[in-house]
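Everything below belongs to my_file-v4.txt, which stores compact mmCIF, C-alpha atoms.
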```txt
# COMPACT_ATOMS: atom_id res chain seq x y z
CA MET A 26 -43.20 -68.65 109.84
CA THR A 27 -41.91 -66.64 112.78
CA ALA A 28 -39.51 -63.73 112.56
CA VAL A 29 -36.41 -64.20 114.69
CA SER A 30 -33.57 -61.78 115.37
CA MET A 31 -30.34 -62.48 117.19
CA THR A 32 -26.68 -61.59 117.16
CA VAL A 33 -24.39 -64.28 115.81
CA ASN A 34 -20.65 -63.76 116.26
CA GLY A 35 -21.26 -60.05 116.78
CA LYS A 36 -23.39 -59.62 113.68
CA ALA A 37 -27.13 -58.87 113.85
CA VAL A 38 -29.18 -61.38 111.85
CA THR A 39 -32.91 -61.57 111.17
CA ALA A 40 -34.87 -64.28 109.38
CA ASP A 41 -38.28 -65.85 109.02
CA VAL A 42 -38.10 -69.42 110.24
CA GLU A 43 -40.50 -72.26 110.92
CA PRO A 44 -40.84 -72.49 114.72
CA ARG A 45 -39.65 -76.11 114.52
CA THR A 46 -36.27 -75.03 113.13
CA LEU A 47 -33.48 -76.01 115.50
CA LEU A 48 -30.87 -73.43 116.35
CA VAL A 49 -28.21 -75.66 114.78
CA GLN A 50 -30.19 -75.91 111.53
CA TYR A 51 -30.58 -72.16 111.46
CA ILE A 52 -26.85 -71.62 112.04
CA ARG A 53 -25.73 -74.20 109.48
CA GLU A 54 -28.37 -74.03 106.79
CA LYS A 55 -29.53 -70.39 106.85
CA LEU A 56 -26.39 -68.63 108.02
CA ARG A 57 -24.11 -71.17 106.33
CA LEU A 58 -21.87 -71.34 109.40
CA THR A 59 -21.02 -75.01 109.10
CA GLY A 60 -18.33 -75.12 111.78
CA THR A 61 -21.01 -76.14 114.27
CA HIS A 62 -21.59 -79.86 113.69
CA VAL A 63 -24.46 -82.25 114.14
CA GLY A 64 -23.24 -85.56 115.50
CA CYS A 65 -25.97 -87.48 117.25
CA ASP A 66 -28.87 -85.02 117.03
CA THR A 67 -30.09 -86.46 120.37
CA SER A 68 -28.43 -84.15 122.97
CA GLN A 69 -25.68 -86.67 123.72
CA CYS A 70 -22.53 -85.88 121.76
CA GLY A 71 -21.96 -82.14 122.06
CA ALA A 72 -20.64 -81.59 118.52
CA CYS A 73 -23.27 -78.84 118.19
CA VAL A 74 -22.26 -76.78 121.23
CA VAL A 75 -22.51 -73.01 120.81
CA HIS A 76 -22.84 -70.22 123.36
CA VAL A 77 -26.19 -68.52 123.89
CA ASP A 78 -25.89 -65.40 126.02
CA GLY A 79 -22.51 -66.62 127.23
CA LEU A 80 -23.59 -70.14 128.21
CA ALA A 81 -22.56 -73.29 126.35
CA VAL A 82 -25.62 -75.20 125.13
CA LYS A 83 -26.44 -77.99 122.71
CA SER A 84 -27.84 -76.19 119.67
CA CYS A 85 -29.57 -79.37 118.46
CA THR A 86 -31.80 -79.10 121.53
CA VAL A 87 -32.69 -75.42 121.28
CA LEU A 88 -35.21 -73.95 118.85
CA ALA A 89 -33.99 -71.02 116.78
CA VAL A 90 -36.99 -69.01 118.01
CA GLN A 91 -35.87 -69.56 121.61
CA ALA A 92 -32.71 -67.59 120.80
CA GLU A 93 -34.74 -64.49 119.97
CA GLY A 94 -32.74 -61.47 121.09
CA ALA A 95 -29.80 -63.59 122.22
CA GLU A 96 -26.08 -63.25 121.62
CA VAL A 97 -24.92 -66.43 119.93
CA LEU A 98 -21.26 -67.37 119.59
CA THR A 99 -20.13 -70.19 117.31
CA ILE A 100 -16.71 -71.66 116.61
CA GLU A 101 -16.34 -69.21 113.71
CA GLY A 102 -16.56 -66.29 116.15
CA LEU A 103 -13.63 -67.28 118.36
CA ALA A 104 -10.60 -66.28 116.29
CA ARG A 105 -9.81 -62.59 116.22
CA ASP A 106 -7.96 -60.70 113.48
CA GLY A 107 -6.75 -63.92 111.91
CA LYS A 108 -5.37 -65.17 115.23
CA LEU A 109 -6.67 -68.34 116.82
CA HIS A 110 -8.34 -68.17 120.24
CA PRO A 111 -6.02 -69.50 123.00
CA VAL A 112 -8.21 -72.62 123.35
CA GLN A 113 -8.00 -73.29 119.60
CA GLU A 114 -4.25 -72.70 119.75
CA ALA A 115 -3.95 -75.16 122.66
CA PHE A 116 -5.90 -77.85 120.77
CA ARG A 117 -3.47 -77.44 117.87
CA GLU A 118 -0.40 -77.39 120.08
CA HIS A 119 -1.42 -80.46 122.11
CA HIS A 120 -2.95 -82.38 119.21
CA GLY A 121 -6.35 -82.29 120.90
CA LEU A 122 -8.07 -83.77 117.87
CA GLN A 123 -7.82 -86.54 115.35
CA CYS A 124 -10.69 -86.52 112.86
CA GLY A 125 -11.83 -83.13 114.14
CA PHE A 126 -15.56 -83.77 114.03
CA CYS A 127 -16.14 -83.20 117.75
CA THR A 128 -13.62 -80.35 117.94
CA PRO A 129 -15.89 -77.32 117.47
CA GLY A 130 -18.12 -78.54 120.30
CA MET A 131 -15.15 -79.50 122.48
CA ILE A 132 -13.65 -76.04 122.06
CA MET A 133 -16.90 -74.18 122.74
CA THR A 134 -17.43 -76.30 125.87
CA ALA A 135 -13.82 -75.68 126.92
CA VAL A 136 -14.13 -71.90 126.56
CA ASP A 137 -17.25 -71.96 128.75
CA MET A 138 -15.61 -74.31 131.28
CA ILE A 139 -12.54 -72.09 131.62
CA ARG A 140 -14.74 -69.01 132.07
CA ARG A 141 -16.62 -70.73 134.92
CA HIS A 142 -13.39 -71.78 136.65
CA PRO A 143 -11.31 -68.62 136.84
CA GLY A 144 -9.19 -70.17 139.61
CA GLY A 145 -7.87 -72.83 137.22
CA LEU A 146 -8.83 -76.36 136.24
CA GLU A 147 -7.63 -79.73 137.45
CA GLU A 148 -7.65 -82.78 135.22
CA LYS A 149 -10.45 -84.34 137.26
CA THR A 150 -12.68 -81.28 136.87
CA ILE A 151 -11.98 -81.09 133.13
CA ARG A 152 -12.93 -84.73 132.66
CA ALA A 153 -16.15 -84.28 134.66
CA GLU A 154 -17.01 -81.09 132.76
CA LEU A 155 -16.54 -82.91 129.43
CA GLU A 156 -19.42 -85.28 130.22
CA GLY A 157 -21.56 -83.75 127.52
CA ASN A 158 -19.00 -83.98 124.72
CA LEU A 159 -18.10 -87.24 123.03
CA CYS A 160 -14.91 -87.92 121.06
CA ARG A 161 -14.69 -91.25 119.26
CA CYS A 162 -11.04 -90.98 118.13
CA THR A 163 -8.51 -89.92 120.68
CA GLY A 164 -9.67 -91.06 124.08
CA TYR A 165 -9.78 -87.53 125.49
CA HIS A 166 -6.21 -87.50 126.79
CA ASN A 167 -4.90 -84.72 124.56
CA ILE A 168 -8.17 -82.83 124.75
CA VAL A 169 -7.81 -82.68 128.52
CA LYS A 170 -4.16 -81.60 128.18
CA ALA A 171 -5.14 -78.86 125.72
CA ILE A 172 -7.86 -77.50 128.01
CA GLU A 173 -5.53 -77.57 131.00
CA ALA A 174 -2.91 -75.63 129.05
CA ALA A 175 -5.43 -73.12 127.68
CA SER A 176 -6.79 -72.53 131.16
CA GLN A 177 -3.28 -71.68 132.36
CA THR A 178 -2.59 -69.41 129.38
CA LEU A 179 -5.82 -67.49 129.95
CA GLN A 180 -5.15 -67.18 133.69
CA HIS A 181 -1.66 -65.79 133.03
CA ARG A 182 -3.05 -63.43 130.45
CA GLU A 183 -5.61 -62.11 132.93
CA ALA A 184 -2.97 -61.75 135.64
CA ALA A 185 -0.81 -59.75 133.21
CA GLU A 186 -3.63 -57.36 132.36
CA MET B 21 -40.66 -82.46 114.22
CA TYR B 22 -44.25 -81.64 113.30
CA GLN B 23 -45.27 -78.03 112.74
CA PHE B 24 -46.52 -75.96 115.65
CA THR B 25 -47.19 -72.35 116.49
CA TYR B 26 -44.70 -70.78 118.88
CA HIS B 27 -45.55 -68.23 121.55
CA ARG B 28 -43.33 -66.37 123.97
CA PRO B 29 -45.60 -64.65 126.52
CA ALA B 30 -44.13 -62.07 128.91
CA SER B 31 -46.50 -62.80 131.82
CA LEU B 32 -48.21 -65.75 133.47
CA ALA B 33 -51.60 -64.25 132.67
CA ASP B 34 -50.73 -64.16 128.96
CA ALA B 35 -49.38 -67.72 129.09
CA GLU B 36 -52.64 -68.97 130.62
CA LYS B 37 -54.70 -67.05 128.07
CA LEU B 38 -52.70 -68.56 125.20
CA PHE B 39 -53.16 -72.04 126.67
CA THR B 40 -56.93 -71.62 126.94
CA GLY B 41 -57.19 -70.34 123.37
CA ALA B 42 -55.14 -73.11 121.77
CA ASP B 43 -56.23 -76.44 120.40
CA ASP B 44 -53.60 -78.77 121.90
CA PRO B 45 -51.00 -76.60 123.63
CA LYS B 46 -47.84 -77.50 125.52
CA PHE B 47 -45.73 -75.38 127.85
CA LEU B 48 -41.99 -75.18 127.16
CA GLY B 49 -39.51 -74.77 130.03
CA GLY B 50 -35.86 -75.29 129.12
CA GLY B 51 -36.79 -77.77 126.41
CA GLN B 52 -34.26 -80.46 127.32
CA THR B 53 -36.99 -83.10 127.36
CA LEU B 54 -39.70 -81.51 125.24
CA ILE B 55 -37.48 -80.73 122.25
CA PRO B 56 -36.10 -84.31 121.98
CA THR B 57 -39.69 -85.55 122.35
CA LEU B 58 -40.85 -83.28 119.52
CA LYS B 59 -37.90 -84.33 117.37
CA GLN B 60 -38.89 -87.97 117.74
CA ARG B 61 -42.48 -87.05 116.87
CA LEU B 62 -43.64 -88.49 120.17
CA ALA B 63 -45.65 -85.31 120.73
CA SER B 64 -47.41 -83.05 118.27
CA PRO B 65 -48.77 -80.00 120.10
CA SER B 66 -50.60 -77.39 118.06
CA ASP B 67 -48.97 -74.61 120.10
CA VAL B 68 -45.77 -74.41 122.11
CA ILE B 69 -45.89 -71.76 124.81
CA ASP B 70 -42.36 -70.81 125.90
CA LEU B 71 -42.23 -69.74 129.56
CA ALA B 72 -38.64 -68.45 129.39
CA ALA B 73 -39.51 -64.76 129.13
CA ILE B 74 -41.76 -64.62 132.20
CA PRO B 75 -39.96 -62.69 134.95
CA GLU B 76 -42.17 -64.06 137.77
CA LEU B 77 -40.65 -67.52 137.26
CA SER B 78 -37.03 -66.65 137.97
CA GLY B 79 -34.99 -66.23 141.08
CA ILE B 80 -33.83 -67.97 144.24
CA VAL B 81 -34.80 -66.58 147.65
CA ALA B 82 -33.53 -68.07 150.91
CA ALA B 83 -35.37 -66.90 154.02
CA SER B 84 -36.75 -68.14 157.34
CA GLY B 85 -35.83 -71.80 157.15
CA ALA B 86 -36.71 -72.34 153.51
CA VAL B 87 -35.37 -71.83 150.00
CA ALA B 88 -37.80 -70.71 147.29
CA ILE B 89 -36.69 -71.50 143.75
CA GLY B 90 -38.52 -69.99 140.78
CA ALA B 91 -39.77 -72.63 138.35
CA GLY B 92 -37.78 -71.16 135.48
CA THR B 93 -34.47 -71.45 137.35
CA ARG B 94 -31.94 -73.46 135.40
CA HIS B 95 -30.13 -76.44 136.95
CA ALA B 96 -26.75 -74.68 136.56
CA ASP B 97 -28.04 -71.72 138.57
CA VAL B 98 -29.31 -73.92 141.41
CA ALA B 99 -25.99 -75.81 141.44
CA ALA B 100 -23.98 -72.57 141.53
CA SER B 101 -26.22 -70.69 143.97
CA ALA B 102 -24.41 -69.69 147.17
CA GLU B 103 -27.79 -69.48 148.97
CA VAL B 104 -28.79 -73.02 148.01
CA ARG B 105 -25.28 -74.34 148.75
CA LYS B 106 -25.43 -72.79 152.25
CA ALA B 107 -29.02 -73.73 153.12
CA ILE B 108 -29.39 -77.17 151.50
CA PRO B 109 -26.05 -78.34 150.07
CA ALA B 110 -27.58 -81.67 148.99
CA LEU B 111 -29.96 -79.80 146.69
CA ALA B 112 -27.08 -77.91 145.05
CA ASP B 113 -25.24 -81.24 144.65
CA LEU B 114 -28.28 -82.83 143.01
CA ALA B 115 -28.72 -79.95 140.56
CA GLY B 116 -25.03 -80.19 139.62
CA TRP B 117 -25.37 -83.90 138.78
CA ILE B 118 -28.27 -83.54 136.35
CA GLY B 119 -27.36 -84.35 132.73
CA ASP B 120 -24.20 -82.54 131.68
CA PRO B 121 -23.07 -78.88 131.95
CA LEU B 122 -24.70 -78.02 128.61
CA VAL B 123 -28.05 -79.53 129.55
CA ARG B 124 -27.86 -77.79 132.95
CA HIS B 125 -27.55 -74.43 131.16
CA ARG B 126 -31.02 -74.91 129.65
CA GLY B 127 -33.09 -77.32 131.79
CA THR B 128 -35.31 -75.83 134.51
CA ILE B 129 -36.54 -77.11 137.86
CA GLY B 130 -40.17 -76.37 136.99
CA GLY B 131 -39.87 -78.22 133.70
CA SER B 132 -38.27 -81.20 135.40
CA ILE B 133 -40.93 -81.66 138.04
CA ALA B 134 -43.87 -80.90 135.73
CA ASN B 135 -42.55 -83.59 133.36
CA ALA B 136 -42.18 -86.10 136.24
CA ASP B 137 -39.80 -88.42 134.44
CA PRO B 138 -39.48 -91.57 136.58
CA SER B 139 -35.68 -91.23 136.45
CA ALA B 140 -35.42 -87.48 137.03
CA ASP B 141 -33.41 -86.26 140.02
CA TYR B 142 -35.45 -83.33 141.34
CA PRO B 143 -38.56 -85.35 142.35
CA ALA B 144 -36.44 -87.14 145.00
CA ALA B 145 -35.46 -83.81 146.59
CA VAL B 146 -38.99 -82.41 146.36
CA VAL B 147 -40.46 -85.41 148.17
CA ALA B 148 -37.68 -86.00 150.73
CA LEU B 149 -37.49 -82.35 151.74
CA ASN B 150 -41.30 -82.15 151.82
CA ALA B 151 -41.30 -79.16 149.50
CA THR B 152 -44.38 -77.21 148.50
CA ILE B 153 -45.08 -76.67 144.81
CA TYR B 154 -46.72 -73.32 144.04
CA THR B 155 -48.68 -73.00 140.82
CA THR B 156 -50.81 -70.39 139.10
CA LYS B 157 -53.80 -71.91 140.91
CA ARG B 158 -52.69 -73.24 144.32
CA ALA B 159 -50.04 -74.74 146.57
CA ILE B 160 -49.50 -78.50 146.30
CA ALA B 161 -47.72 -80.65 148.92
CA ALA B 162 -44.89 -82.82 147.60
CA ASP B 163 -46.64 -86.06 148.61
CA ALA B 164 -49.66 -85.13 146.49
CA PHE B 165 -47.77 -83.81 143.46
CA PHE B 166 -46.25 -86.85 141.74
CA THR B 167 -49.07 -89.22 140.83
CA GLY B 168 -47.46 -91.64 138.37
CA MET B 169 -45.13 -92.10 135.42
CA PHE B 170 -44.98 -88.67 133.75
CA GLU B 171 -48.14 -87.84 135.75
CA THR B 172 -48.61 -85.04 138.28
CA ALA B 173 -51.45 -83.35 140.10
CA LEU B 174 -51.17 -80.39 137.69
CA GLN B 175 -54.35 -79.61 135.80
CA PRO B 176 -54.32 -78.57 132.14
CA GLY B 177 -53.08 -74.99 131.88
CA GLU B 178 -51.74 -74.92 135.43
CA ILE B 179 -48.17 -73.62 135.60
CA VAL B 180 -45.62 -74.34 138.36
CA THR B 181 -44.34 -70.96 139.57
CA LYS B 182 -41.96 -71.87 142.37
CA ILE B 183 -40.89 -74.68 144.65
CA VAL B 184 -40.28 -73.96 148.32
CA PHE B 185 -37.86 -76.34 150.04
CA PRO B 186 -37.72 -76.36 153.86
CA VAL B 187 -34.14 -76.39 155.14
CA ALA B 188 -33.13 -79.78 156.57
CA GLU B 189 -30.86 -80.44 159.53
CA LYS B 190 -29.11 -83.08 157.47
CA ALA B 191 -29.68 -84.08 153.86
CA GLY B 192 -27.89 -86.12 151.24
CA TYR B 193 -28.47 -87.37 147.70
CA GLU B 194 -26.80 -90.24 145.93
CA LYS B 195 -27.53 -91.69 142.54
CA PHE B 196 -26.41 -94.63 140.50
CA ARG B 197 -26.54 -93.07 137.11
CA ASN B 198 -26.84 -94.35 133.64
CA PRO B 199 -23.45 -93.43 132.20
CA ALA B 200 -24.93 -92.51 128.80
CA SER B 201 -28.00 -90.48 129.72
CA ARG B 202 -26.87 -89.53 133.25
CA TYR B 203 -30.41 -90.14 134.45
CA ALA B 204 -30.75 -91.95 137.77
CA ILE B 205 -31.06 -95.72 137.45
CA VAL B 206 -31.72 -95.33 141.18
CA GLY B 207 -31.40 -92.12 143.18
CA VAL B 208 -32.12 -91.71 146.88
CA PHE B 209 -32.54 -88.44 148.76
CA VAL B 210 -32.58 -88.59 152.57
CA ALA B 211 -33.49 -85.62 154.77
CA ARG B 212 -33.73 -85.20 158.52
CA THR B 213 -35.80 -82.28 159.79
CA ALA B 214 -37.41 -81.35 163.12
CA SER B 215 -40.51 -83.29 162.01
CA GLY B 216 -38.64 -86.51 161.22
CA VAL B 217 -36.75 -88.34 158.49
CA ARG B 218 -37.91 -88.72 154.91
CA VAL B 219 -36.39 -91.02 152.29
CA ALA B 220 -37.42 -90.54 148.66
CA VAL B 221 -36.43 -92.88 145.84
CA THR B 222 -36.34 -91.94 142.15
CA GLY B 223 -35.53 -94.05 139.11
CA ALA B 224 -36.56 -97.32 140.73
CA ALA B 225 -40.33 -97.24 140.17
CA PRO B 226 -42.80 -95.61 137.75
CA SER B 227 -42.86 -92.60 140.05
CA VAL B 228 -40.83 -91.23 142.97
CA PHE B 229 -41.79 -92.94 146.26
CA ARG B 230 -41.02 -92.80 149.98
CA GLN B 231 -39.26 -95.75 151.62
CA THR B 232 -41.02 -95.68 155.01
CA GLU B 233 -39.17 -98.64 156.52
CA MET B 234 -35.94 -96.72 156.12
CA GLU B 235 -37.55 -93.55 157.46
CA THR B 236 -38.52 -95.36 160.67
CA ALA B 237 -35.07 -96.91 161.08
CA LEU B 238 -33.30 -93.61 160.41
CA ALA B 239 -35.55 -91.74 162.85
CA LYS B 240 -34.17 -94.05 165.57
CA SER B 241 -30.59 -93.88 164.41
CA PHE B 242 -29.51 -91.62 161.55
CA THR B 243 -26.59 -93.79 160.41
CA PRO B 244 -25.87 -95.85 157.28
CA GLU B 245 -25.74 -99.00 159.45
CA ALA B 246 -29.34 -98.48 160.60
CA ILE B 247 -30.64 -99.27 157.11
CA ALA B 248 -27.94 -101.60 155.80
CA GLY B 249 -30.06 -104.69 156.50
CA ILE B 250 -33.27 -103.43 154.89
CA LYS B 251 -34.24 -105.47 151.85
CA VAL B 252 -36.43 -103.56 149.41
CA PRO B 253 -38.97 -105.74 147.55
CA ALA B 254 -38.55 -105.79 143.77
CA ASP B 255 -42.31 -105.97 143.12
CA GLY B 256 -43.49 -103.14 140.93
CA LEU B 257 -40.02 -101.71 140.33
CA ASN B 258 -38.84 -100.74 136.86
CA ALA B 259 -36.97 -103.24 134.72
CA ASP B 260 -35.27 -102.36 131.45
CA LEU B 261 -32.10 -103.11 129.50
CA HIS B 262 -30.08 -101.11 132.03
CA ALA B 263 -31.16 -102.83 135.24
CA THR B 264 -33.55 -105.54 136.42
CA ALA B 265 -36.12 -104.85 139.13
CA GLU B 266 -34.08 -106.97 141.57
CA TYR B 267 -30.93 -104.98 140.84
CA ARG B 268 -32.80 -101.70 141.31
CA ALA B 269 -34.20 -102.98 144.64
CA HIS B 270 -30.66 -103.77 145.76
CA LEU B 271 -29.45 -100.34 144.62
CA VAL B 272 -32.09 -98.54 146.68
CA THR B 273 -30.48 -99.74 149.91
CA VAL B 274 -26.95 -99.08 148.65
CA MET B 275 -27.78 -95.55 147.49
CA ALA B 276 -29.74 -94.82 150.69
CA ARG B 277 -26.77 -95.88 152.82
CA ARG B 278 -24.44 -93.68 150.80
CA ALA B 279 -26.89 -90.77 150.94
CA VAL B 280 -27.00 -90.98 154.74
CA ALA B 281 -23.20 -91.10 154.85
CA ARG B 282 -23.07 -88.04 152.63
CA ALA B 283 -25.66 -86.24 154.77
CA LEU B 284 -23.46 -86.85 157.81
CA GLY B 285 -20.61 -85.39 155.75
```

Structure rendered as structure tokens:
Amino acid sequence: MTAVSMTVNGKAVTADVEPRTLLVQYIREKLRLTGTHVGCDTSQCGACVVHVDGLAVKSCTVLAVQAEGAEVLTIEGLARDGKLHPVQEAFREHHGLQCGFCTPGMIMTAVDMIRRHPGGLEEKTIRAELEGNLCRCTGYHNIVKAIEAASQTLQHREAAE
Amino acid sequence: MYQFTYHRPASLADAEKLFTGADDPKFLGGGQTLIPTLKQRLASPSDVIDLAAIPELSGIVAASGAVAIGAGTRHADVAASAEVRKAIPALADLAGWIGDPLVRHRGTIGGSIANADPSADYPAAVVALNATIYTTKRAIAADAFFTGMFETALQPGEIVTKIVFPVAEKAGYEKFRNPASRYAIVGVFVARTASGVRVAVTGAAPSVFRQTEMETALAKSFTPEAIAGIKVPADGLNADLHATAEYRAHLVTVMARRAVARALG
């Protein structure tokens, strides 16, 4: 067993884990944060996307011990004071989900994508940036619309500040 | 995944010491290949030595006609680097086409070339740009580095520290990618420098290789038309459920033509 400490959604956590424990297993099974999903478990689908030190990664392809000392953000950490994050709000508004299984990963990828494109996002860029996230229900159309809208909301918000 | 002991050394010296003292150790870069391999139980190292906390392995330095990229540099950082974009735009393009944005946030250049996957993108740039691979023991020329499928000139315990890419006059990369894995079914990197033209092909054969017939033709005339008529033999090329050897041979010429067009911008 190896001791590992990190911050998850702003809260310091420490645990003894087997080195072979995946970050997603640690998050779901130890911390009981089950919003992060496991879809394919082979780095393809992106249902397991979380942020590690501000970067979106596939938590099924990261060991928990590799996140030693890191700041981890999961879908549960996005809403503030009972209010949805603008990207979550946009997915609801634009019906960016059907079964919802891929949604946590889609949203975490979208938040990262918007952060990396402060000048705004075109549909083409959004579609290219979604390469690592698979949705098997909706055909992406409303997901793309939701991300486009959230990007605009966040840009306006920044301009207003 | 089988059990292993995990180490996170803070220096190259410590990493080497850990390697020497372990039974069947493996170095871990960004883990985007090694972790899936471990999950499938295709590897069972006794010790995994994570190189992520070693400061000597990070950083991009552009100076005097070359770009030096630390082995621990992630694909996303190469793709987003203003220095790389300015000096060798084709290299920034290549890094930005590896996997997907999430994979690019973890995978490293050193890990990619040390693994030497036959379909990986970086080996094409390393060979076409005639880069030098620096390790904890020596400097290795690109032509001597990749020795076969998942095989390199690296000795056990030897760690890639940085890759130095000479700046090209013109360079371009094009790949025909597998839409699921985003690996190159065939990828071709072309580079023209003061010392000539080099054409490196990845994905087509067990290991990256130079297409010398195209190099000769492009040295005379650096245009897509100069190589349009070159027929690449299918002998020895990879064949799998994604593409036959003949199809890959055909793609080499198509990708090379497009790479030259891209290099000419």

Query raised in the report: Which residue gives the smallest distance to A:Ile100 among A:Pro129, A:Gly71, A:Gly145, A:Gly64, with only C-alpha atoms counted?
Result: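 Between A:Pro129, A:Gly71, A:Gly145, A:Gly64, the residue approaching A:Ile100 most closely is A:Pro129.
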
Determine, counting all atoms listed in the file, which protein, DNA and RNA residues have an atom within 9 Å of an atom of A:Gly102; residues of the same chain fewer than 4 positions away are not included. Present the result as a compact mmCIF listing (two decimals) with C-alpha atoms, keeping the file's coordinate frame.
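So part23.txt came out as:
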```txt
# COMPACT_ATOMS: atom_id res chain seq x y z
CA VAL A 33 -24.39 -64.28 115.81
CA ASN A 34 -20.65 -63.76 116.26
CA GLY A 35 -21.26 -60.05 116.78
CA LEU A 98 -21.26 -67.37 119.59
```

**Report entry** Computed interatomic separation between atom CA of A:Thr46 and atom CA of A:Val75 (Å)
**Finding:**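 Atom CA of A:Val75 lies 15.9 Å from atom CA of A:Thr46.
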
Query raised in the report: Looking at only C-alpha atoms, which of A:Gln180, A:Asn158, A:Ser84, A:Thr163 is the one that sits closest to A:Arg53?
Result: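 Of A:Gln180, A:Asn158, A:Ser84, A:Thr163, the one nearest A:Arg53 is A:Ser84, counting only C-alpha atoms.
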
Query raised in the report: Could you list, as number ranges by chain, every residue of chain B that has an atom within 12 Å of an atom of chain A, counting only C-alpha atoms?
Result: B: 21-29, 48-61, 64-73, 94, 96-97, 100, 116-127, 199-202

Let me have the centre and edge lengths in Å, one decimal, of the box along x, y and z around every listed atom of stretch 218-235 of chain B with 8 Å of margin on each side, as JSON.
```
{"center_x": -39.2, "center_y": -93.7, "center_z": 147.6, "size_x": 23.3, "size_y": 25.9, "size_z": 35.7}
```

Query - Contacts of B:Pro109 at 12 Å (all atoms listed in the file; same-chain gap of 5+ positions) as a list of chain:residue names - result: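 My reading of the contact set: B:Val87, B:Val98, B:Ala99, B:Ala100, B:Ser101, B:Ala102, B:Glu103, B:Val104, B:Leu114, B:Ala115, B:Gly116, B:Ala145, B:Phe185, B:Val187, B:Ala188, B:Glu189, B:Lys190, B:Ala191, B:Gly192, B:Tyr193, B:Ala211, B:Arg282, B:Ala283, B:Leu284, B:Gly285.
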
Excluding B:Asp141 and residues on its chain fewer than 3 positions from it, collect all residues at most 12 Å away from it, counting all atoms listed in the file, and give them as a short mmCIF file (atom, residue, chain, number, x, y, z; two decimals) with C-alpha atoms, in the frame of the given file.
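The result, written out as selection.cif:
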```
data_model
loop_
_atom_site.label_atom_id
_atom_site.label_comp_id
_atom_site.auth_asym_id
_atom_site.auth_seq_id
_atom_site.Cartn_x
_atom_site.Cartn_y
_atom_site.Cartn_z
CA HIS B 95 -30.13 -76.44 136.95
CA ALA B 110 -27.58 -81.67 148.99
CA LEU B 111 -29.96 -79.80 146.69
CA ALA B 112 -27.08 -77.91 145.05
CA ASP B 113 -25.24 -81.24 144.65
CA LEU B 114 -28.28 -82.83 143.01
CA ALA B 115 -28.72 -79.95 140.56
CA GLY B 116 -25.03 -80.19 139.62
CA TRP B 117 -25.37 -83.90 138.78
CA ILE B 118 -28.27 -83.54 136.35
CA GLY B 119 -27.36 -84.35 132.73
CA THR B 128 -35.31 -75.83 134.51
CA ILE B 129 -36.54 -77.11 137.86
CA SER B 132 -38.27 -81.20 135.40
CA ILE B 133 -40.93 -81.66 138.04
CA ASN B 135 -42.55 -83.59 133.36
CA ALA B 136 -42.18 -86.10 136.24
CA ASP B 137 -39.80 -88.42 134.44
CA PRO B 138 -39.48 -91.57 136.58
CA ALA B 144 -36.44 -87.14 145.00
CA ALA B 145 -35.46 -83.81 146.59
CA VAL B 146 -38.99 -82.41 146.36
CA VAL B 147 -40.46 -85.41 148.17
CA ALA B 148 -37.68 -86.00 150.73
CA TYR B 193 -28.47 -87.37 147.70
CA GLU B 194 -26.80 -90.24 145.93
CA LYS B 195 -27.53 -91.69 142.54
CA PHE B 196 -26.41 -94.63 140.50
CA ARG B 197 -26.54 -93.07 137.11
CA ARG B 202 -26.87 -89.53 133.25
CA TYR B 203 -30.41 -90.14 134.45
CA ALA B 204 -30.75 -91.95 137.77
CA ILE B 205 -31.06 -95.72 137.45
CA VAL B 206 -31.72 -95.33 141.18
CA GLY B 207 -31.40 -92.12 143.18
CA VAL B 208 -32.12 -91.71 146.88
CA PHE B 209 -32.54 -88.44 148.76
CA ALA B 220 -37.42 -90.54 148.66
CA VAL B 221 -36.43 -92.88 145.84
CA THR B 222 -36.34 -91.94 142.15
CA GLY B 223 -35.53 -94.05 139.11
CA ALA B 224 -36.56 -97.32 140.73
CA SER B 227 -42.86 -92.60 140.05
CA VAL B 228 -40.83 -91.23 142.97
#
```

**Report entry** atom CA of B:Val81 to atom CA of B:Val217, distance in Å rounded to a single decimal
**Finding:**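 Distance between the two atoms: 24.4 Å.
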
Requested in this report: Work out how far apart atom CA of B:Leu77 and atom CA of B:Lys182 are and give it in Å to one decimal.
Outcome: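 Atom-to-atom, atom CA of B:Leu77 and atom CA of B:Lys182 are spaced 6.8 Å apart.
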
Report summary line: Counting all atoms listed in the file, the residue among A:Met131, A:Ser30, A:Ala92, A:Val42 that lies closest to A:Cys73 is A:Met131
